[in-house]
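The next block holds one structure in the form of structure tokens; read it before the comments.
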Amino acid sequence: MSGRERILGRVRRALADAPDVPAPVERTYLRAHGDLDAEGTVDLLAEHLADYRALVHRCTPDELPSVVGRLLAARSSRSVLVPPGLDPRWLAEADARRVEDLARDTPYELDRVDSVVTACAVAIAETGTIVLDGGPDQGRRRITLVPDHHVCVVRVPGQVVSSVPQALERLDPARPLTWISGPSATSDIELDRVEGVHGPRTLEVILVG
Amino acid sequence: MSGTFVGMPAFPEAARAAVADARLRGNLRHATHTIRAKRARAVAEVSDWAELREAGKRIKDHTLRHLDRYLVQLEEKVTAAGGTVHWAADAEDANRIVVELVRATGESEVVKVKSMATQEIGLNEALEAAGIRAYETDLAELIVQLGDDRPSHILVPAIHRNRGEIRDVFRERMSDWGRPAPEGLTDSPAELAEAARLHLREKFLRAKVGVSGANFMVAETGTLVVVESEGNGRMCLTLPETLISVVGIEKTVPTWRDLEVFLQTLPRSSTAERMNPYTSTWTGTTDGDGPTAFHLVLLDNGRTDTLADEVGRQALRCIRCSACLNVCPVYERAGGHAYGSVYPGPIGAILSPQLRGTASEIDASLPYASSLCGACYEVCPVAIDIPEVLVHLRERVVEGGPMVREGNKVVLKPAKGHAAERAAMRAARWAFSRPGALRTGQRLASRTRRLHPRTLPGPGKAWTATRALPAVPPEPFRDWWRRTGGGKEGGK
Ligand code: SF4
């Protein structure tokens with residue numbers, strides 16, 4: 001007998017006398033906590049991002065290229081990874097060398113790049129989370145993982161939702177998703193929080209609107 | 001490499017050694033109290049916590065009730081998305097499948113994301129026997145692996161080690177596994193984390209095979225979910241060419257939307273954060289992004305036996321947040337190793353004897369590794385009534401009765417004068433000979449008394465159906481006695 005038949009058979013025998021537990025589950029919990037307007041939701045996002053030690057910046061669309069340029073310069077980044085579909089104007093004022101993520105590149109190549117600039121798919125105010133879905137302006141998962149400095153641009157208020165339920169509604173499960181809440185962190189040594197164990201040590205989020 | 005749990009002494013003996021270790025107790029106490037307080041704050045932020053908890057419980061109960069249907073749906077969706085599904089009835093099956101999959105890639109090393117399922121089946125040992133080196137990449141798991149040690153907590157497996165010990169382990173052992181620790185490494189957590197970063201990065205970048213577990217599997221879409229903090233998970237899930245995920249069948253949830261419940265309750269219950277730093281989801285394989293081959297190994301290994309038990313099956317709702325460990329007065333004193341299983345604390349006390357049966361002394365003694373104070377039930381985000389299951393399992397150990405082992409109905413003989421009874425007596429003696437442990441249990445009971453259920457679990461149910469359970473006093477008698485000098489100072 002195959003493992004499959006054996007396990008399914010066991011499950012069925014185990015449940016033979018069990019009473020039914022109907023679906024759908026009653027969802028009496030909230031869709032969002034509190035009722036902030038769009039502006040309040042963006043403020044909450046900024047506050048919660050900062051709580052988990054992301055560096056938050058706010059600017060208008062016109063100011064974006066200079067902010068991006070300034071953030072890369074401040075970290076003396078000589079090279080920057082750019083997803084294929086990123087608006088080239090965002091990097092118009094950056095001096096760093098543009099690096100494309102090519103299929104033949106090994107992770108070692110990415111390891112030599114200083115920074116990465118991406119957009120995002122959605123941001124969640126209540127939890128201080130940005131979600132990337134691998135869209136053309138975000139690139140594949142590895143580019144926001146290996147370099148040490150990630151600059152992520154969130155368009156506000158359009159890309160901001162209040163809560164986890166609202167975010168899931170907007171996301172496509174068929175795409176690989178990465179939810180990011182602050183930079184990489186560990187509390188494994190006597191529960192002291194240390195940032196940047198494996199992922200980027202610095203996460204900068206620019207709220208543009 | 002890291003030690004296994006086979007041949008562990010029964011809980012009371014193991015606990016005795018742990019309780020005598022002052023440093024271990026100090027580390028544990030500090031850690032559990034810190035997490036406990038933070039968790040309470042994170043939960044208080046969410047006004048609909050009770051509703052989320054109820055929904056989580058119901059989603060899991062519904063899934064378990066129709067598990068056959070959802071597993072078949074999951075398999076269909078994962079396959080349609082380019083993955084391959086394997087079914088493993090026990091640890092041996094699972095290990096054999098993984099070894100064959102790794103061999104087929106021609107590689108002799110794998111990078112691993114922290115996973116309880118692979119620890120449960122002893123995968124690292126099986127890989128080693130097959131000449132394949134498995135590198136743990138979670139910082140705490142790395143500490144455990146380098147130290148030839150065992151994990152002692154679900155979430156922070158090296159919680160029993162302090163910074164000085166970690167530095168020593170890194171200095172002495174890192175070179176055996178790859179890049180050595182930097183010269184002059186101190187015990188500052190930042191430096192230790194940096195040493196781990198350098199040591200592991202070299203492995204991530206060259207790895208061709210990744211092995212993981214998963215926190216959730218969505219039947220409707222075939223999506224797997226891993227939540228983590230460090231980014232080592234993302235490394236293992238996205239950089240290698242082949243990804244093998246070994247996941248217990250109970251991790252299934254029916255719909256994408258169901259994640260909205262657990263992605264709210266899990267981080268707050270476990271690390272006391274609004275959200276953990278990284279969550280990854282993937283559905284089969286994606287062209288040009290991540291591994292080109294994805295294998296899902298669905299693991300039974302005693303889960304269907306647990307499912308067959310009316311009272312005990314609720315243990316399968318567990319989402320491994322570890323909140324119950326951090327509030328447990330027995331865990332706090334005894335430490336995770338005493339439970340003799342990868343699942344320590346209150347959840348381990350009910351899960352291990354069900355997954356493994358109660359034939360061994362350690363498993364027969366586990367249902368007694370509790371003061372039944374009820375704190376674990378209060379914090380559990382999926383409302384598992386751990387005390388109820390404990391009492392149920394005690395009954396089974398002592399009185400015997402029908403149960404299912406490896407899919408077959410068997411009748412367990414009462415453990416007359418045998419291992420279980422002896423274990424029970426020793427457990428009781430252990431608790432009563434340690435006033436400290438007992439006192440803490442009572443204090444905790446006092447502090448949480450507003451939350452106590454009004455009926456007794458298990459066999460006490462009938463009695464309390466018509467009577468109110470006496471309220472727990474605001475202060476334990478012992479504390480009152482001591483505070484008032486035996487009532488002389490007239491304290492109320
Ligand atoms: S039993 Fe409940 S509290 Fe304990 S780890 Fe599982 S889900 Fe968390």
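Residues are named by chain letter and number: chains run A, B, ... in the order of the structure tokens, numbers start at 1 in each chain, and ligands are numbered from 1 in the order shown.
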
Point to revise | Environment of ligand 1 within 7 Å, counting only C-alpha atoms and all ligand atoms, reported as a PyMOL selection string | key: chain B and resi 315+317-325+346-347+376+379-384

Exercise for review: Write down, as a PyMOL selection string, each residue of chain B that has any atom within 7 Å of an atom of chain A, counting only C-alpha atoms.
Suggested key: chain B and resi 31+48+51-52+55+58-59+61-62+65+67-68+87-89+139-140+156+158-159+162-163+189-190+193-194+197+205+221+223+229-232+238-239+257+260+274-283+289+300+304+307-308+407

Point to revise | Which of region 142-199 of chain A fall in strand (DSSP E), as a PyMOL selection string | key: chain A and resi 149-155+160-161+177-180+185-186+194-195

Exercise for review: Give me the residues within 12 Å of region 84-99 of chain A as an MDAnalysis selection string, counting only C-alpha atoms and dropping any in the same chain fewer than 2 places off.
Suggested key: chainID A and resid 60:82 101:103 105 109:120 134:140 143 147 151:153 206 208

Practice item. Give me the residues within 9 Å of Gly335 (chain B) as a PyMOL selection string, counting only C-alpha atoms and dropping any in the same chain fewer than 3 places off. Key: chain B and resi 15+18-19+24-25+28+152-153+160+330-332+338-339+344-345

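Shortest atom-to-atom contact with Lys251 (chain B) among B:Arg356, B:Lys409, B:Arg161, B:Arg303: B:Arg303, counting only C-alpha atoms.
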
Exercise for review: Write out as a ChimeraX atom specification all residues of region 143-196 of chain A that DSSP puts in alpha helix (DSSP H) for this structure's backbone.
Suggested key: /A:164-170

Could you please take those selected residues and save N, CA and C atoms as an mmCIF file, in the first residue's frame?
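The result, stored in part_25.cif:
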```cif
data_model
loop_
_atom_site.group_PDB
_atom_site.id
_atom_site.type_symbol
_atom_site.label_atom_id
_atom_site.label_comp_id
_atom_site.auth_asym_id
_atom_site.auth_seq_id
_atom_site.Cartn_x
_atom_site.Cartn_y
_atom_site.Cartn_z
ATOM 1 N N VAL A 164 -4.257 42.955 8.360
ATOM 2 C CA VAL A 164 -3.877 41.708 7.704
ATOM 3 C C VAL A 164 -5.009 41.168 6.814
ATOM 4 N N PRO A 165 -6.277 41.121 7.304
ATOM 5 C CA PRO A 165 -7.348 40.636 6.421
ATOM 6 C C PRO A 165 -7.464 41.455 5.132
ATOM 7 N N GLN A 166 -7.332 42.757 5.255
ATOM 8 C CA GLN A 166 -7.433 43.595 4.051
ATOM 9 C C GLN A 166 -6.262 43.350 3.102
ATOM 10 N N ALA A 167 -5.112 43.049 3.633
ATOM 11 C CA ALA A 167 -3.950 42.795 2.774
ATOM 12 C C ALA A 167 -4.117 41.484 2.009
ATOM 13 N N LEU A 168 -4.562 40.443 2.705
ATOM 14 C CA LEU A 168 -4.697 39.143 2.054
ATOM 15 C C LEU A 168 -5.657 39.205 0.870
ATOM 16 N N GLU A 169 -6.710 39.993 1.034
ATOM 17 C CA GLU A 169 -7.687 40.179 -0.044
ATOM 18 C C GLU A 169 -7.046 40.694 -1.321
ATOM 19 N N ARG A 170 -6.023 41.524 -1.150
ATOM 20 C CA ARG A 170 -5.419 42.177 -2.296
ATOM 21 C C ARG A 170 -4.320 41.353 -2.943
#
```

Practice item. Would you mind telling me which residue in B:Ala117, B:Leu142, B:Met403, B:Val253 lies nearest to Asp309 (chain B) when using only C-alpha atoms? Key: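 Counting only C-alpha atoms, the residue closest to Asp309 (chain B) is B:Met403.
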
Exercise for review: Please provide the set of residues having any atom within 12 Å of Leu123 (chain B), restricted to only C-alpha atoms, with same-chain residues fewer than 5 positions apart removed, written as a PyMOL selection string.
Suggested key: chain B and resi 1-4+90-99+110+112+114-118+128-130+132-136+211-213+245-246

Check your understanding: Quick one: distance from CA of Leu74 (chain B) to CA of Asn408 (chain B) in Å, one decimal?
Key -> 25.6 Å

**Study point:** Separation of CA of Ala42 (chain B) from CA of Leu45 (chain A) in Å
**Key:**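 Computing it gives 16.5 Å between the two atoms.
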
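For the pair CA of Gly164 (chain B) and CA of Asp187 (chain B), the interatomic distance is 5.5 Å.
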
Point to revise | Closest of B:Gly284, B:Gly131, B:Gly400, B:Gly302 to Leu224 (chain B) - atom-to-atom distances counting only C-alpha atoms | key: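 Of B:Gly284, B:Gly131, B:Gly400, B:Gly302, the one nearest Leu224 (chain B), counting only C-alpha atoms, is B:Gly284.
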